[in-house]
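Below is the file my_file.txt, which contains compact mmCIF, C-alpha atoms.
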# COMPACT_ATOMS: atom_id res chain seq x y z
CA MET H 1 109.44 90.68 109.95
CA LEU H 2 109.85 87.11 111.16
CA ASN H 3 107.72 84.45 109.46
CA ILE H 4 106.18 81.91 111.84
CA ASN H 5 104.59 78.81 110.31
CA ILE H 6 102.59 76.35 112.34
CA VAL H 7 101.97 73.08 110.53
CA CYS H 8 99.41 71.02 112.39
CA VAL H 9 97.56 67.80 111.79
CA GLY H 10 93.86 68.03 112.54
CA LYS H 11 91.34 70.82 112.58
CA VAL H 12 90.24 72.88 115.55
CA ARG H 13 86.58 72.02 115.94
CA GLU H 14 85.45 73.64 119.19
CA ASP H 15 84.34 77.26 118.93
CA TYR H 16 86.12 78.34 122.12
CA LEU H 17 89.43 77.03 120.76
CA LYS H 18 88.81 78.66 117.37
CA MET H 19 88.24 81.96 119.19
CA ALA H 20 91.48 81.57 121.16
CA VAL H 21 93.45 80.76 117.99
CA ALA H 22 91.94 83.80 116.27
CA GLU H 23 92.72 86.06 119.25
CA TYR H 24 96.36 85.01 119.50
CA SER H 25 96.74 85.19 115.72
CA LYS H 26 95.52 88.77 115.86
CA ARG H 27 97.87 89.64 118.73
CA LEU H 28 100.83 88.05 116.95
CA SER H 29 100.23 90.05 113.75
CA LYS H 30 102.04 92.97 115.46
CA TYR H 31 105.22 90.89 115.80
CA CYS H 32 105.38 88.37 112.95
CA ASN H 33 103.80 87.02 109.80
CA LEU H 34 101.84 84.03 111.10
CA ASN H 35 100.78 81.21 108.81
CA ILE H 36 98.79 78.29 110.24
CA ILE H 37 98.61 75.27 107.96
CA GLU H 38 95.97 72.72 108.96
CA LEU H 39 96.32 69.26 107.49
CA ALA H 40 93.63 66.60 107.52
CA ASP H 41 94.21 63.89 110.06
CA GLU H 42 93.88 60.23 109.19
CA LYS H 43 90.93 58.40 110.71
CA LEU H 44 91.80 55.91 113.43
CA PRO H 45 90.07 52.55 113.16
CA GLU H 46 88.56 51.10 116.34
CA LYS H 47 91.23 48.42 116.49
CA VAL H 48 94.83 49.44 115.85
CA ASN H 49 98.13 47.63 115.79
CA ASP H 50 101.71 48.78 115.26
CA SER H 51 101.44 48.43 111.50
CA ILE H 52 98.30 50.57 111.31
CA ILE H 53 99.84 53.17 113.64
CA ASP H 54 102.98 53.37 111.49
CA ASP H 55 100.89 53.67 108.32
CA ILE H 56 98.80 56.52 109.75
CA LYS H 57 101.84 58.40 111.08
CA ASN H 58 103.61 58.00 107.73
CA LYS H 59 100.62 59.36 105.79
CA GLU H 60 100.27 62.35 108.10
CA CYS H 61 104.01 63.02 108.11
CA ASN H 62 104.18 62.90 104.31
CA LYS H 63 101.60 65.69 104.27
CA ILE H 64 103.70 67.63 106.78
CA LYS H 65 106.91 67.24 104.74
CA ASN H 66 105.14 68.68 101.70
CA CYS H 67 104.51 71.90 103.68
CA LEU H 68 108.02 72.45 104.97
CA LYS H 69 110.20 75.17 103.51
CA LYS H 70 113.91 74.43 103.25
CA ASP H 71 114.91 77.86 104.53
CA SER H 72 112.91 77.58 107.75
CA TYR H 73 114.18 76.60 111.21
CA ILE H 74 111.98 73.64 112.18
CA PHE H 75 110.76 72.83 115.68
CA ALA H 76 109.00 69.49 116.08
CA LEU H 77 106.75 69.32 119.12
CA ASP H 78 107.58 66.03 120.80
CA LEU H 79 107.25 64.68 124.34
CA ARG H 80 110.95 63.76 124.31
CA GLY H 81 112.06 67.21 123.21
CA LYS H 82 113.92 69.89 125.14
CA GLN H 83 111.92 71.95 127.58
CA TYR H 84 112.43 75.72 127.76
CA SER H 85 111.32 78.32 130.23
CA SER H 86 109.37 81.18 128.65
CA GLU H 87 112.45 83.41 128.87
CA GLU H 88 114.68 80.77 127.25
CA PHE H 89 112.10 80.21 124.51
CA SER H 90 111.99 83.94 123.83
CA LYS H 91 115.77 84.09 123.57
CA LYS H 92 115.81 81.05 121.27
CA ILE H 93 113.35 82.71 118.88
CA ASP H 94 115.39 85.93 118.95
CA ASP H 95 118.62 84.02 118.26
CA ILE H 96 117.08 82.20 115.31
CA ALA H 97 115.63 85.41 113.87
CA LEU H 98 118.90 87.32 114.26
CA ASN H 99 121.46 84.68 113.38
CA ILE H 100 119.94 81.81 111.45
CA ASN H 101 116.66 82.41 109.61
CA SER H 102 113.79 84.77 109.09
CA SER H 103 111.41 81.82 109.11
CA ILE H 104 110.49 79.41 111.90
CA THR H 105 108.19 76.42 111.51
CA PHE H 106 106.53 74.56 114.37
CA ILE H 107 105.10 71.11 113.70
CA ILE H 108 102.23 69.71 115.76
CA GLY H 109 101.53 66.09 114.93
CA GLY H 110 98.22 64.31 115.06
CA THR H 111 96.84 61.98 117.70
CA LEU H 112 99.65 59.46 117.20
CA GLY H 113 102.47 62.00 117.05
CA LEU H 114 105.24 62.35 114.49
CA ASN H 115 107.28 59.67 112.77
CA ASP H 116 111.07 59.47 113.04
CA GLU H 117 111.57 60.92 109.58
CA VAL H 118 109.92 64.23 110.48
CA LEU H 119 111.63 64.29 113.86
CA ASN H 120 115.00 63.74 112.17
CA ILE H 121 114.59 66.52 109.58
CA SER H 122 113.65 68.99 112.31
CA ASN H 123 116.34 71.30 113.62
CA GLU H 124 115.10 70.80 117.13
CA LYS H 125 112.56 68.84 119.15
CA ILE H 126 110.83 70.73 121.93
CA SER H 127 108.32 69.77 124.60
CA PHE H 128 106.10 71.97 126.71
CA SER H 129 105.46 69.25 129.28
CA LYS H 130 105.82 65.55 129.90
CA MET H 131 102.03 65.44 129.84
CA THR H 132 100.08 64.71 126.66
CA PHE H 133 97.59 67.33 125.43
CA PRO H 134 95.00 67.25 122.66
CA HIS H 135 96.61 68.70 119.53
CA GLN H 136 93.75 71.20 119.14
CA LEU H 137 94.32 72.62 122.61
CA PHE H 138 98.06 72.51 122.19
CA ARG H 139 97.82 74.86 119.23
CA VAL H 140 96.48 77.51 121.63
CA PHE H 141 99.32 76.78 124.10
CA LEU H 142 101.89 77.20 121.35
CA LEU H 143 100.39 80.46 120.06
CA GLU H 144 100.27 81.85 123.59
CA GLN H 145 103.92 80.96 124.23
CA ILE H 146 105.03 82.50 120.92
CA PHE H 147 103.11 85.67 121.84
CA ARG H 148 104.67 85.64 125.32
CA ALA H 149 108.12 85.20 123.74
CA PHE H 150 107.68 88.32 121.65
CA LYS H 151 106.42 90.30 124.64
CA ILE H 152 109.45 89.21 126.69
CA SER H 153 111.80 90.06 123.83
CA LYS H 154 110.33 93.55 123.48
CA GLY H 155 110.30 94.15 127.25
CA GLU H 156 106.54 94.69 127.18
CA THR H 157 104.27 93.95 130.10
CA TYR H 158 102.36 90.68 129.83
CA HIS H 159 104.80 88.13 131.12
CA TRP H 160 105.01 89.54 134.64
Hey, can you dump this file as structure tokens for me?
Amino acid sequence: MLNINIVCVGKVREDYLKMAVAEYSKRLSKYCNLNIIELADEKLPEKVNDSIIDDIKNKECNKIKNCLKKDSYIFALDLRGKQYSSEEFSKKIDDIALNINSSITFIIGGTLGLNDEVLNISNEKISFSKMTFPHQLFRVFLLEQIFRAFKISKGETYHW
């Protein structure tokens, strides 16, 4: 069974989002081994500059790097990444599972995003939209799209 890891900076605090994460995690258990790794985010001071931003991103990204497995195909979620349709995303996951790895890792950065080092060690950068979303809400989006990808792959009704 495919291993799906989601490494994310920041905790889900709102109950309605926690319930959505739990629901999609339960649904995904039929299709994969899901592992969500929540990392503490760095506190943003009221006044920031480029140096402070770089420092915070580096601290968060060092935590991320410590969670990455070398044998996993790594997707970094980034606004500048490739956009897939749901069908293309499903096929990409299938291709990775069949031809490359039995482990896929998705990285969701914190409020400030990911640093270049994490982006560069990723196999691929993907984007769900040119819009920016809160990382807590985005976790639900990602889980839903992974679930949808499995349903498409299996030819099961949900997508239509």
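With all atoms listed in the file as the basis for measurement, H:Ile146 is the residue among H:Ile56, H:Ile100, H:Leu44, H:Ile146 that approaches H:Asn5 most closely.
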The centre and edge lengths of an axis-aligned box containing all atoms of stretch 137-151 of chain H present in the file, extended by 8 Å on each side, are to be given in Å to one decimal, as lines of an AutoDock Vina configuration file.
center_x = 101.2
center_y = 81.4
center_z = 122.3
size_x = 29.8
size_y = 33.8
size_z = 22.1
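Residues in contact range of H:Asn62, defined as at most 10 Å between only C-alpha atoms, with sequence neighbours fewer than 5 positions away removed, read Ile56, Lys57, Cys67, Asn115, Glu117 and Val118 of chain H.
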Once you have the residues from the selection above, write them out as a short mmCIF file (atom, residue, chain, number, x, y, z; two decimals), in the coordinates of the input, restricted to C-alpha atoms.
data_model
loop_
_atom_site.label_atom_id
_atom_site.label_comp_id
_atom_site.auth_asym_id
_atom_site.auth_seq_id
_atom_site.Cartn_x
_atom_site.Cartn_y
_atom_site.Cartn_z
CA ILE H 56 98.80 56.52 109.75
CA LYS H 57 101.84 58.40 111.08
CA CYS H 67 104.51 71.90 103.68
CA ASN H 115 107.28 59.67 112.77
CA GLU H 117 111.57 60.92 109.58
CA VAL H 118 109.92 64.23 110.48
#
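For the pair atom CA of H:Ser90 and atom CA of H:Ser153, the separation is 6.1 Å.
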As a JSON list (two decimals) with C-alpha atoms, keeping the file's coordinate frame, please: the residues near H:Phe128 (cut-off 9 Å, only C-alpha atoms, same-chain neighbours under 5 positions excluded).
[["chain", "number", "residue", "atom", "x", "y", "z"],
["H", 77, "LEU", "CA", 106.75, 69.32, 119.12],
["H", 78, "ASP", "CA", 107.58, 66.03, 120.80],
["H", 79, "LEU", "CA", 107.25, 64.68, 124.34],
["H", 81, "GLY", "CA", 112.06, 67.21, 123.21],
["H", 82, "LYS", "CA", 113.92, 69.89, 125.14],
["H", 83, "GLN", "CA", 111.92, 71.95, 127.58],
["H", 84, "TYR", "CA", 112.43, 75.72, 127.76],
["H", 85, "SER", "CA", 111.32, 78.32, 130.23],
["H", 141, "PHE", "CA", 99.32, 76.78, 124.10],
["H", 142, "LEU", "CA", 101.89, 77.20, 121.35]]
Checklist entry - Counting only C-alpha atoms, which of H:Lys154, H:Ile74, H:Val48, H:Phe133 gets nearest to H:Asp94? => result H:Lys154
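For the pair atom CA of H:Ser102 and atom CA of H:Asn35, the separation is 13.5 Å.
Those residues that approach H:Asp54 to within 10 Å, counting only C-alpha atoms, are Asn49, Asp50, Asn58, Lys59, Glu60, Leu112, Leu114 and Asn115 of chain H; same-chain residues fewer than 4 positions away are not listed.
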Mind dumping the selected residues with C-alpha atoms as a compact mmCIF listing (two decimals), in the frame of the given file?
# COMPACT_ATOMS: atom_id res chain seq x y z
CA ASN H 49 98.13 47.63 115.79
CA ASP H 50 101.71 48.78 115.26
CA ASN H 58 103.61 58.00 107.73
CA LYS H 59 100.62 59.36 105.79
CA GLU H 60 100.27 62.35 108.10
CA LEU H 112 99.65 59.46 117.20
CA LEU H 114 105.24 62.35 114.49
CA ASN H 115 107.28 59.67 112.77
Checklist entry - Could you work out how far atom CA of H:Gln136 lies from atom CA of H:Val12, giving the answer in Å with one decimal? => result 5.3 Å
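Compared by their closest atoms to H:Asn33, and using all atoms listed in the file, the residues H:Arg13, H:Ile4, H:Val21, H:Glu46 rank with H:Ile4 nearest.
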Checklist entry - Near H:Ile6, within 10 Å and counting all atoms listed in the file, which residues show up once chain neighbours fewer than 6 positions away are dropped, as a PyMOL selection string? => result chain H and resi 34-38+67-68+74-75+104-108+139+142-143
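With distances taken over all atoms listed in the file, H:Gln145 is the one residue among H:Lys69, H:Gln145, H:Val140, H:Lys30 lying closest to H:Tyr158.
Among the candidates H:Ser127, H:Gly10, H:Leu2, H:Tyr16, the one nearest to H:Ile64 when counting all atoms listed in the file is H:Gly10.
Counting all atoms listed in the file, the residue from H:Arg148, H:Lys18, H:Lys43, H:Arg80 that sits nearest to H:Glu124 is H:Arg80.
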Your completed stretch 95-119 of chain H with N, CA and C atoms, as a PDB file, in the coordinates of the input:
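The result, stored in result-v2.pdb:
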ATOM      1  N   ASP H  95     117.352  84.494 118.835  1.00  0.00           N
ATOM      2  CA  ASP H  95     118.620  84.020 118.260  1.00  0.00           C
ATOM      3  C   ASP H  95     118.422  83.478 116.848  1.00  0.00           C
ATOM      4  N   ILE H  96     117.352  82.737 116.645  1.00  0.00           N
ATOM      5  CA  ILE H  96     117.080  82.200 115.310  1.00  0.00           C
ATOM      6  C   ILE H  96     116.820  83.340 114.327  1.00  0.00           C
ATOM      7  N   ALA H  97     115.990  84.287 114.749  1.00  0.00           N
ATOM      8  CA  ALA H  97     115.630  85.410 113.870  1.00  0.00           C
ATOM      9  C   ALA H  97     116.849  86.272 113.529  1.00  0.00           C
ATOM     10  N   LEU H  98     117.746  86.452 114.486  1.00  0.00           N
ATOM     11  CA  LEU H  98     118.900  87.320 114.260  1.00  0.00           C
ATOM     12  C   LEU H  98     120.060  86.628 113.560  1.00  0.00           C
ATOM     13  N   ASN H  99     120.241  85.347 113.828  1.00  0.00           N
ATOM     14  CA  ASN H  99     121.460  84.680 113.380  1.00  0.00           C
ATOM     15  C   ASN H  99     121.276  83.553 112.374  1.00  0.00           C
ATOM     16  N   ILE H 100     120.085  83.009 112.281  1.00  0.00           N
ATOM     17  CA  ILE H 100     119.940  81.810 111.450  1.00  0.00           C
ATOM     18  C   ILE H 100     118.954  82.032 110.311  1.00  0.00           C
ATOM     19  N   ASN H 101     117.715  82.353 110.625  1.00  0.00           N
ATOM     20  CA  ASN H 101     116.660  82.410 109.610  1.00  0.00           C
ATOM     21  C   ASN H 101     115.638  83.482 109.928  1.00  0.00           C
ATOM     22  N   SER H 102     114.921  83.857 108.897  1.00  0.00           N
ATOM     23  CA  SER H 102     113.790  84.770 109.090  1.00  0.00           C
ATOM     24  C   SER H 102     112.478  84.001 109.052  1.00  0.00           C
ATOM     25  N   SER H 103     112.594  82.675 109.146  1.00  0.00           N
ATOM     26  CA  SER H 103     111.410  81.820 109.110  1.00  0.00           C
ATOM     27  C   SER H 103     111.563  80.690 110.127  1.00  0.00           C
ATOM     28  N   ILE H 104     110.518  80.491 110.927  1.00  0.00           N
ATOM     29  CA  ILE H 104     110.490  79.410 111.900  1.00  0.00           C
ATOM     30  C   ILE H 104     109.213  78.610 111.663  1.00  0.00           C
ATOM     31  N   THR H 105     109.343  77.297 111.672  1.00  0.00           N
ATOM     32  CA  THR H 105     108.190  76.420 111.510  1.00  0.00           C
ATOM     33  C   THR H 105     108.066  75.520 112.736  1.00  0.00           C
ATOM     34  N   PHE H 106     106.861  75.470 113.276  1.00  0.00           N
ATOM     35  CA  PHE H 106     106.530  74.560 114.370  1.00  0.00           C
ATOM     36  C   PHE H 106     105.635  73.473 113.805  1.00  0.00           C
ATOM     37  N   ILE H 107     105.913  72.231 114.181  1.00  0.00           N
ATOM     38  CA  ILE H 107     105.100  71.110 113.700  1.00  0.00           C
ATOM     39  C   ILE H 107     104.386  70.475 114.885  1.00  0.00           C
ATOM     40  N   ILE H 108     103.065  70.410 114.775  1.00  0.00           N
ATOM     41  CA  ILE H 108     102.230  69.710 115.760  1.00  0.00           C
ATOM     42  C   ILE H 108     101.650  68.499 115.060  1.00  0.00           C
ATOM     43  N   GLY H 109     102.028  67.322 115.526  1.00  0.00           N
ATOM     44  CA  GLY H 109     101.530  66.090 114.930  1.00  0.00           C
ATOM     45  C   GLY H 109     100.089  65.808 115.308  1.00  0.00           C
ATOM     46  N   GLY H 110      99.585  64.735 114.763  1.00  0.00           N
ATOM     47  CA  GLY H 110      98.220  64.310 115.060  1.00  0.00           C
ATOM     48  C   GLY H 110      98.162  63.492 116.342  1.00  0.00           C
ATOM     49  N   THR H 111      97.094  62.776 116.502  1.00  0.00           N
ATOM     50  CA  THR H 111      96.840  61.980 117.700  1.00  0.00           C
ATOM     51  C   THR H 111      97.976  61.018 118.017  1.00  0.00           C
ATOM     52  N   LEU H 112      98.600  60.460 116.997  1.00  0.00           N
ATOM     53  CA  LEU H 112      99.650  59.460 117.200  1.00  0.00           C
ATOM     54  C   LEU H 112     101.056  60.052 117.232  1.00  0.00           C
ATOM     55  N   GLY H 113     101.165  61.352 117.024  1.00  0.00           N
ATOM     56  CA  GLY H 113     102.470  62.000 117.050  1.00  0.00           C
ATOM     57  C   GLY H 113     103.143  62.008 115.694  1.00  0.00           C
ATOM     58  N   LEU H 114     104.443  62.220 115.706  1.00  0.00           N
ATOM     59  CA  LEU H 114     105.240  62.350 114.490  1.00  0.00           C
ATOM     60  C   LEU H 114     106.112  61.114 114.291  1.00  0.00           C
ATOM     61  N   ASN H 115     106.387  60.805 113.032  1.00  0.00           N
ATOM     62  CA  ASN H 115     107.280  59.670 112.770  1.00  0.00           C
ATOM     63  C   ASN H 115     108.739  60.127 112.870  1.00  0.00           C
ATOM     64  N   ASP H 116     109.646  59.163 112.882  1.00  0.00           N
ATOM     65  CA  ASP H 116     111.070  59.470 113.040  1.00  0.00           C
ATOM     66  C   ASP H 116     111.608  60.325 111.898  1.00  0.00           C
ATOM     67  N   GLU H 117     111.081  60.147 110.719  1.00  0.00           N
ATOM     68  CA  GLU H 117     111.570  60.920 109.580  1.00  0.00           C
ATOM     69  C   GLU H 117     111.370  62.412 109.792  1.00  0.00           C
ATOM     70  N   VAL H 118     110.187  62.808 110.228  1.00  0.00           N
ATOM     71  CA  VAL H 118     109.920  64.230 110.480  1.00  0.00           C
ATOM     72  C   VAL H 118     110.731  64.712 111.671  1.00  0.00           C
ATOM     73  N   LEU H 119     110.825  63.901 112.698  1.00  0.00           N
ATOM     74  CA  LEU H 119     111.630  64.290 113.860  1.00  0.00           C
ATOM     75  C   LEU H 119     113.091  64.501 113.465  1.00  0.00           C
TER      76      LEU H 119
END
